[in-house]
file upload34.csv (CSV, C-alpha atoms)
chain,number,residue,atom,x,y,z
L,246,MET,CA,140.0,170.4,199.3
L,247,ARG,CA,142.7,171.9,197.1
L,248,LYS,CA,144.0,168.4,196.2
L,249,ARG,CA,140.5,167.3,195.2
L,250,THR,CA,140.0,170.3,193.0
L,251,SER,CA,143.4,169.7,191.3
L,252,LEU,CA,142.3,166.1,190.7
L,253,LYS,CA,139.1,167.2,189.1
L,254,TYR,CA,141.0,169.5,186.7
L,255,ALA,CA,143.4,166.7,186.0
L,256,LEU,CA,140.5,164.4,185.1
L,257,TYR,CA,139.1,167.2,182.9
L,258,ILE,CA,142.4,167.4,180.9
L,259,LEU,CA,142.3,163.6,180.6
L,260,SER,CA,138.6,163.7,179.4
L,261,LEU,CA,139.7,165.9,176.5
L,262,TRP,CA,142.5,163.6,175.4
L,263,LEU,CA,140.6,162.5,172.3
L,264,LEU,CA,140.0,166.2,171.4
L,265,PHE,CA,143.7,166.9,171.7
L,266,ILE,CA,144.6,164.0,169.5
L,267,SER,CA,142.2,165.2,166.9
L,268,LEU,CA,143.5,168.8,167.0
L,269,PHE,CA,147.1,167.4,166.9
L,270,ILE,CA,146.3,165.6,163.6
L,271,MET,CA,144.3,168.5,162.1
L,272,SER,CA,147.0,171.1,162.9
L,273,TYR,CA,150.0,169.2,161.6
L,274,ASP,CA,152.2,171.4,159.4
L,275,LYS,CA,155.5,170.2,158.1
L,276,ASN,CA,156.6,173.9,157.7
L,277,LEU,CA,156.9,174.0,161.5
L,278,PHE,CA,159.6,171.4,161.4
L,279,VAL,CA,161.4,173.1,158.5
L,280,SER,CA,161.4,176.4,160.4
L,281,PHE,CA,162.6,174.6,163.5
L,282,SER,CA,165.5,172.9,161.7
L,283,ARG,CA,166.5,176.3,160.3
L,284,TYR,CA,166.4,177.8,163.8
L,285,LEU,CA,168.7,175.1,165.0
L,286,TYR,CA,171.1,176.0,162.2
L,287,ASN,CA,170.8,179.8,162.3
L,288,LYS,CA,169.8,180.4,166.0
L,289,ASP,CA,167.6,183.2,164.8
L,290,THR,CA,164.8,183.3,167.4
L,291,ILE,CA,163.0,186.3,165.9
L,292,LEU,CA,162.8,184.7,162.5
L,293,PHE,CA,161.6,181.5,163.9
L,294,LEU,CA,158.9,183.1,166.0
L,295,SER,CA,157.8,185.1,162.9
L,296,LYS,CA,157.1,181.8,161.1
L,297,ILE,CA,154.9,180.5,163.9
L,298,THR,CA,151.2,180.4,162.8
L,299,PRO,CA,148.0,179.8,164.9
L,300,LYS,CA,147.9,176.2,163.5
L,301,ASN,CA,151.5,175.7,164.9
L,302,ILE,CA,150.5,176.9,168.3
L,303,VAL,CA,147.5,174.5,168.4
L,304,PHE,CA,149.8,171.7,167.2
L,305,ILE,CA,152.3,172.3,170.0
L,306,SER,CA,149.7,172.9,172.6
L,307,SER,CA,147.9,169.7,171.7
L,308,PHE,CA,151.1,167.7,171.8
L,309,VAL,CA,151.8,169.1,175.3
L,310,MET,CA,148.3,168.2,176.5
L,311,ILE,CA,148.5,164.7,175.1
L,312,ILE,CA,151.7,164.2,177.1
L,313,ALA,CA,150.0,165.7,180.1
L,314,GLY,CA,147.1,163.2,179.7
L,315,PHE,CA,149.6,160.3,179.8
L,316,LEU,CA,151.2,161.7,182.9
L,317,ILE,CA,147.9,162.2,184.6
L,318,PHE,CA,146.8,158.7,183.8
L,319,PHE,CA,149.9,157.1,185.2
L,320,TYR,CA,149.7,159.4,188.3
L,321,LEU,CA,146.1,158.2,188.9
L,322,LEU,CA,147.2,154.6,188.3
L,323,PHE,CA,149.9,154.7,191.0
L,324,SER,CA,148.4,157.2,193.5
L,325,PHE,CA,145.5,154.8,194.3
L,326,ASN,CA,147.7,151.9,195.4
L,327,SER,CA,146.7,152.6,199.0
L,328,GLY,CA,143.9,154.3,200.9
L,329,TRP,CA,141.1,151.9,200.0
L,330,SER,CA,138.2,151.4,202.4
L,331,VAL,CA,137.2,148.1,204.0
L,332,ALA,CA,135.1,145.8,201.8
L,333,CYS,CA,131.6,147.1,201.5
L,334,THR,CA,128.4,145.9,199.7
L,335,VAL,CA,126.4,148.0,197.3
L,336,SER,CA,122.7,148.2,196.7
L,337,GLU,CA,120.2,150.0,194.4
L,338,VAL,CA,122.8,150.0,191.6
L,339,LYS,CA,122.0,152.2,188.5
L,340,ASN,CA,124.2,152.2,185.4
L,341,GLU,CA,125.1,155.8,184.5
L,342,SER,CA,127.7,155.1,181.8
L,343,HIS,CA,125.7,157.1,179.3
L,344,GLU,CA,127.3,160.2,181.0
L,345,HIS,CA,130.5,159.4,179.1
L,346,LEU,CA,128.8,159.6,175.7
L,347,GLU,CA,126.8,162.7,176.7
L,348,PHE,CA,130.0,164.6,177.6
L,349,LEU,CA,131.7,163.4,174.3
L,350,THR,CA,128.8,164.5,172.1
L,351,THR,CA,127.9,167.7,173.9
L,352,TYR,CA,131.3,169.2,174.6
L,353,VAL,CA,134.1,167.3,172.7
L,354,MET,CA,132.7,166.6,169.3
L,355,PRO,CA,131.7,170.2,168.4
L,356,LEU,CA,135.3,171.3,169.1
L,357,VAL,CA,136.9,168.6,167.0
L,358,PHE,CA,135.9,170.4,163.8
L,359,THR,CA,137.2,173.8,164.8
L,360,ASP,CA,139.2,175.6,162.1
L,361,VAL,CA,142.7,176.0,163.6
L,362,ASN,CA,144.0,178.3,160.9
L,363,SER,CA,143.1,181.7,162.4
L,364,LYS,CA,143.9,183.6,165.6
L,365,ARG,CA,140.2,184.2,166.2
L,366,THR,CA,139.1,180.6,166.1
L,367,MET,CA,142.2,179.6,168.2
L,368,LEU,CA,141.2,182.1,170.8
L,369,ASN,CA,137.6,180.9,170.7
L,370,LEU,CA,138.8,177.3,171.2
L,371,LEU,CA,140.9,178.3,174.2
L,372,ILE,CA,138.0,180.2,175.8
L,373,MET,CA,135.6,177.3,175.3
L,374,ILE,CA,138.0,174.7,176.7
L,375,VAL,CA,138.6,176.9,179.8
L,376,ALA,CA,134.9,177.7,180.3
L,377,ILE,CA,133.9,174.0,179.9
L,378,GLY,CA,136.6,173.0,182.4
L,379,MET,CA,135.3,175.5,185.0
L,380,ILE,CA,131.7,174.2,184.5
L,381,TYR,CA,132.9,170.6,184.6
L,382,VAL,CA,134.6,171.1,187.9
L,383,LYS,CA,132.1,173.4,189.7
L,384,THR,CA,129.2,171.1,188.8
L,385,ASN,CA,131.1,168.0,189.8
L,386,ARG,CA,130.7,166.3,186.4
L,387,PHE,CA,134.4,165.3,186.3
L,388,TYR,CA,133.4,161.6,186.3
L,389,SER,CA,131.9,162.1,182.8
L,390,ASN,CA,135.1,161.1,181.2
L,391,PRO,CA,135.2,159.5,177.7
L,392,SER,CA,138.9,158.7,178.1
L,393,LEU,CA,138.2,156.6,181.2
L,394,ALA,CA,135.4,154.9,179.3
L,395,LEU,CA,137.9,153.8,176.6
L,396,LEU,CA,140.0,152.3,179.4
L,397,GLY,CA,137.1,150.2,180.6
L,398,PHE,CA,135.8,152.3,183.4
L,399,ARG,CA,132.0,152.5,184.0
L,400,ILE,CA,129.8,155.0,186.0
L,401,TYR,CA,127.2,153.8,188.5
L,402,ARG,CA,125.0,155.4,191.0
L,403,ALA,CA,124.5,153.2,194.1
L,404,LYS,CA,124.2,153.0,197.8
L,405,ILE,CA,127.3,151.9,199.7
L,406,ASN,CA,126.8,150.1,203.0
L,407,ASP,CA,129.7,151.3,205.1
L,408,ARG,CA,128.9,152.3,208.7
L,409,GLY,CA,125.6,153.6,207.4
L,410,ILE,CA,124.2,153.9,203.9
L,411,LYS,CA,125.1,156.7,201.5
L,412,GLU,CA,124.5,157.1,197.8
L,413,PHE,CA,127.6,157.7,195.6
L,414,VAL,CA,128.5,158.1,192.0
L,415,ILE,CA,130.9,155.2,191.6
L,416,ILE,CA,133.7,155.1,189.0
L,417,CYS,CA,134.7,151.4,188.6
L,418,HIS,CA,136.7,149.2,186.2
L,419,GLY,CA,134.2,146.4,185.7
L,420,ASP,CA,130.6,145.6,186.3
L,421,ILE,CA,128.8,146.2,189.6
L,422,ASP,CA,125.5,144.6,190.5
L,423,ASN,CA,123.3,144.7,193.6
L,424,GLY,CA,125.1,142.9,196.4
L,425,SER,CA,128.6,143.3,194.8
L,426,THR,CA,131.5,143.8,197.3
L,427,ILE,CA,133.8,146.7,196.6
L,428,LYS,CA,136.5,148.8,198.2
L,429,TYR,CA,136.5,152.6,197.5
L,430,ILE,CA,138.3,155.9,197.7
L,431,LYS,CA,136.3,159.1,198.0
L,432,LEU,CA,137.1,161.7,195.3
L,433,ASP,CA,134.6,164.1,196.9
L,434,ASN,CA,131.6,163.9,199.1
L,435,ASN,CA,129.4,162.3,196.4
L,436,THR,CA,131.8,160.6,194.1
L,437,CYS,CA,134.2,157.7,194.6
L,438,LEU,CA,136.6,155.4,192.7
L,439,ALA,CA,135.9,151.7,193.4
L,440,LYS,CA,137.4,148.3,192.8
L,441,ILE,CA,135.5,145.1,192.9
L,442,THR,CA,136.6,142.6,195.5
L,443,GLN,CA,134.1,139.9,194.8
call {"tool": "encode", "arguments": {"input": "upload34.csv", "output": "structure tokens"}}
result
Amino acid sequence: MRKRTSLKYALYILSLWLLFISLFIMSYDKNLFVSFSRYLYNKDTILFLSKITPKNIVFISSFVMIIAGFLIFFYLLFSFNSGWSVACTVSEVKNESHEHLEFLTTYVMPLVFTDVNSKRTMLNLLIMIVAIGMIYVKTNRFYSNPSLALLGFRIYRAKINDRGIKEFVIICHGDIDNGSTIKYIKLDNNTCLAKITQ
């Protein structure tokens, strides 16, 4: 259970990858690099920290989260090399890929235009990102991930015929139709990652 929750939070960070890139660009400040080069020369930590602005904090944090997004993506890529189910067929397939766009327009886009120059707006941005993340995980909407959409993943709701029939939200790289054969890995009791075998 703890591993599944960690995976959901990891997918949430990945879903905000576009936001972090936008904030990284908006908060760029060449004075940060000037201050850092002076710090390397003088080794005056107090002076360096006094030059740090809210914009610099957003810039550094965004850079860290962009790197984290890359690491999460590669972790997901290599962690699913095994553990797939036997080949199963799907039925009653419904395309739910609009979930990606809804998450992007509802949660990500309003934060893109946040003013990053003041402590108040920086704190507000942090609170919103944490709050949205908690909602995202607790409501199991972690599959609504625009970053995965950019990588060619689609969302479907379908019934999987595997020792009985159960409906799942399926995250898949490619198109699924009624009668498609897939292998899957459960992410939670209602959601799975699938690959097409036929």
call {"tool": "closest_residue", "arguments": {"input": "upload34.csv", "among": "L:Lys404, L:Cys333, L:Ile415, L:Ser389", "to": "Ile427 in chain L", "atoms": "all atoms listed in the file"}}
result
L:Cys333
call {"tool": "residues_around", "arguments": {"input": "upload34.csv", "residues": "range 406-411 of chain L", "least_positions_apart": "5", "cutoff": "8 Å", "atoms": "only C-alpha atoms", "output": "list in words"}}
result
Cys333, Thr334, Val335 and Ser336 of chain L
call {"tool": "residues_near_point", "arguments": {"input": "upload34.csv", "point": "(145.5, 166.7, 183.2)", "cutoff": "10 Å", "atoms": "all atoms listed in the file", "output": "PDB file with C-alpha atoms, keeping the file's coordinate frame"}}
result
ATOM      1  CA  SER L 251     143.400 169.700 191.300  1.00  0.00           C
ATOM      2  CA  LEU L 252     142.300 166.100 190.700  1.00  0.00           C
ATOM      3  CA  LYS L 253     139.100 167.200 189.100  1.00  0.00           C
ATOM      4  CA  TYR L 254     141.000 169.500 186.700  1.00  0.00           C
ATOM      5  CA  ALA L 255     143.400 166.700 186.000  1.00  0.00           C
ATOM      6  CA  LEU L 256     140.500 164.400 185.100  1.00  0.00           C
ATOM      7  CA  TYR L 257     139.100 167.200 182.900  1.00  0.00           C
ATOM      8  CA  ILE L 258     142.400 167.400 180.900  1.00  0.00           C
ATOM      9  CA  LEU L 259     142.300 163.600 180.600  1.00  0.00           C
ATOM     10  CA  SER L 260     138.600 163.700 179.400  1.00  0.00           C
ATOM     11  CA  LEU L 261     139.700 165.900 176.500  1.00  0.00           C
ATOM     12  CA  TRP L 262     142.500 163.600 175.400  1.00  0.00           C
ATOM     13  CA  MET L 310     148.300 168.200 176.500  1.00  0.00           C
ATOM     14  CA  ILE L 311     148.500 164.700 175.100  1.00  0.00           C
ATOM     15  CA  ILE L 312     151.700 164.200 177.100  1.00  0.00           C
ATOM     16  CA  ALA L 313     150.000 165.700 180.100  1.00  0.00           C
ATOM     17  CA  GLY L 314     147.100 163.200 179.700  1.00  0.00           C
ATOM     18  CA  PHE L 315     149.600 160.300 179.800  1.00  0.00           C
ATOM     19  CA  LEU L 316     151.200 161.700 182.900  1.00  0.00           C
ATOM     20  CA  ILE L 317     147.900 162.200 184.600  1.00  0.00           C
ATOM     21  CA  PHE L 318     146.800 158.700 183.800  1.00  0.00           C
ATOM     22  CA  TYR L 320     149.700 159.400 188.300  1.00  0.00           C
TER      23      TYR L 320
END
call {"tool": "closest_residue", "arguments": {"input": "upload34.csv", "among": "L:Cys417, L:Leu322, L:Met271, L:Val338", "to": "Ala403 in chain L", "atoms": "all atoms listed in the file"}}
result
L:Val338
call {"tool": "atom_distance", "arguments": {"input": "upload34.csv", "atom1": "CA of Ile430 in chain L", "atom2": "CA of Ser330 in chain L"}}
result
6.5 Å
call {"tool": "closest_residue", "arguments": {"input": "upload34.csv", "among": "L:Lys440, L:Lys275, L:Lys288, L:His418", "to": "Leu395 in chain L", "atoms": "only C-alpha atoms"}}
result
L:His418
call {"tool": "residues_around", "arguments": {"input": "upload34.csv", "residues": "Ile297 in chain L", "least_positions_apart": "4", "cutoff": "9 Å", "atoms": "all atoms listed in the file", "output": "mmCIF file with C-alpha atoms, in the coordinates of the input"}}
result
data_model
loop_
_atom_site.group_PDB
_atom_site.id
_atom_site.type_symbol
_atom_site.label_atom_id
_atom_site.label_comp_id
_atom_site.auth_asym_id
_atom_site.auth_seq_id
_atom_site.Cartn_x
_atom_site.Cartn_y
_atom_site.Cartn_z
ATOM 1 C CA LEU L 277 156.900 174.000 161.500
ATOM 2 C CA SER L 280 161.400 176.400 160.400
ATOM 3 C CA PHE L 293 161.600 181.500 163.900
ATOM 4 C CA ASN L 301 151.500 175.700 164.900
ATOM 5 C CA ILE L 302 150.500 176.900 168.300
#
call {"tool": "closest_residue", "arguments": {"input": "upload34.csv", "among": "L:Ser392, L:Ser272, L:Ser295, L:Thr366", "to": "Phe308 in chain L", "atoms": "only C-alpha atoms"}}
result
L:Ser272
call {"tool": "atom_distance", "arguments": {"input": "upload34.csv", "atom1": "CA of Ser342 in chain L", "atom2": "CA of Leu268 in chain L"}}
result
25.6 Å
call {"tool": "atom_distance", "arguments": {"input": "upload34.csv", "atom1": "CA of Tyr388 in chain L", "atom2": "CA of Asp433 in chain L"}}
result
11.0 Å
call {"tool": "residues_around", "arguments": {"input": "upload34.csv", "residues": "Thr250 in chain L", "least_positions_apart": "6", "cutoff": "12 Å", "atoms": "only C-alpha atoms", "output": "JSON, numbers by chain"}}
result
{"L": [256, 257, 378, 379, 381, 382, 383, 384, 385, 387, 432, 433]}
call {"tool": "residues_near_point", "arguments": {"input": "upload34.csv", "point": "(140.2, 156.7, 201.2)", "cutoff": "9 Å", "atoms": "all atoms listed in the file", "output": "PyMOL selection string"}}
result
chain L and resi 325+327-330+429-432+437
call {"tool": "build_atoms", "arguments": {"input": "upload34.csv", "residues": "range 377-394 of chain L", "atoms": "N, CA and C atoms", "output": "short mmCIF file (atom, residue, chain, number, x, y, z; two decimals), keeping the file's coordinate frame"}}
result
data_model
loop_
_atom_site.label_atom_id
_atom_site.label_comp_id
_atom_site.auth_asym_id
_atom_site.auth_seq_id
_atom_site.Cartn_x
_atom_site.Cartn_y
_atom_site.Cartn_z
N ILE L 377 134.41 175.37 179.66
CA ILE L 377 133.90 174.00 179.90
C ILE L 377 134.53 173.38 181.10
N GLY L 378 135.84 173.59 181.23
CA GLY L 378 136.60 173.00 182.40
C GLY L 378 136.05 173.58 183.70
N MET L 379 135.79 174.88 183.75
CA MET L 379 135.30 175.50 185.00
C MET L 379 133.90 174.94 185.33
N ILE L 380 133.04 174.80 184.31
CA ILE L 380 131.70 174.20 184.50
C ILE L 380 131.82 172.78 184.97
N TYR L 381 132.70 172.05 184.30
CA TYR L 381 132.90 170.60 184.60
C TYR L 381 133.31 170.39 186.02
N VAL L 382 134.17 171.25 186.57
CA VAL L 382 134.60 171.10 187.90
C VAL L 382 133.61 171.61 188.94
N LYS L 383 133.05 172.79 188.69
CA LYS L 383 132.10 173.40 189.70
C LYS L 383 130.83 172.61 189.78
N THR L 384 130.42 171.91 188.72
CA THR L 384 129.20 171.10 188.80
C THR L 384 129.46 169.65 189.13
N ASN L 385 130.74 169.35 189.44
CA ASN L 385 131.10 168.00 189.80
C ASN L 385 130.76 166.94 188.78
N ARG L 386 130.94 167.27 187.49
CA ARG L 386 130.70 166.30 186.40
C ARG L 386 131.99 165.68 185.94
N PHE L 387 133.05 165.76 186.75
CA PHE L 387 134.40 165.30 186.30
C PHE L 387 134.40 163.79 186.06
N TYR L 388 133.39 163.07 186.54
CA TYR L 388 133.40 161.60 186.30
C TYR L 388 132.88 161.29 184.89
N SER L 389 132.31 162.28 184.17
CA SER L 389 131.90 162.10 182.80
C SER L 389 133.08 162.14 181.88
N ASN L 390 133.81 161.07 181.78
CA ASN L 390 135.10 161.10 181.20
C ASN L 390 135.26 160.05 180.08
N PRO L 391 135.12 160.45 178.81
CA PRO L 391 135.20 159.50 177.70
C PRO L 391 136.52 158.72 177.65
N SER L 392 137.61 159.36 178.09
CA SER L 392 138.90 158.70 178.10
C SER L 392 138.91 157.51 179.05
N LEU L 393 138.28 157.69 180.22
CA LEU L 393 138.20 156.60 181.20
C LEU L 393 137.28 155.48 180.62
N ALA L 394 136.24 155.85 179.86
CA ALA L 394 135.40 154.90 179.30
C ALA L 394 136.14 153.97 178.30
#
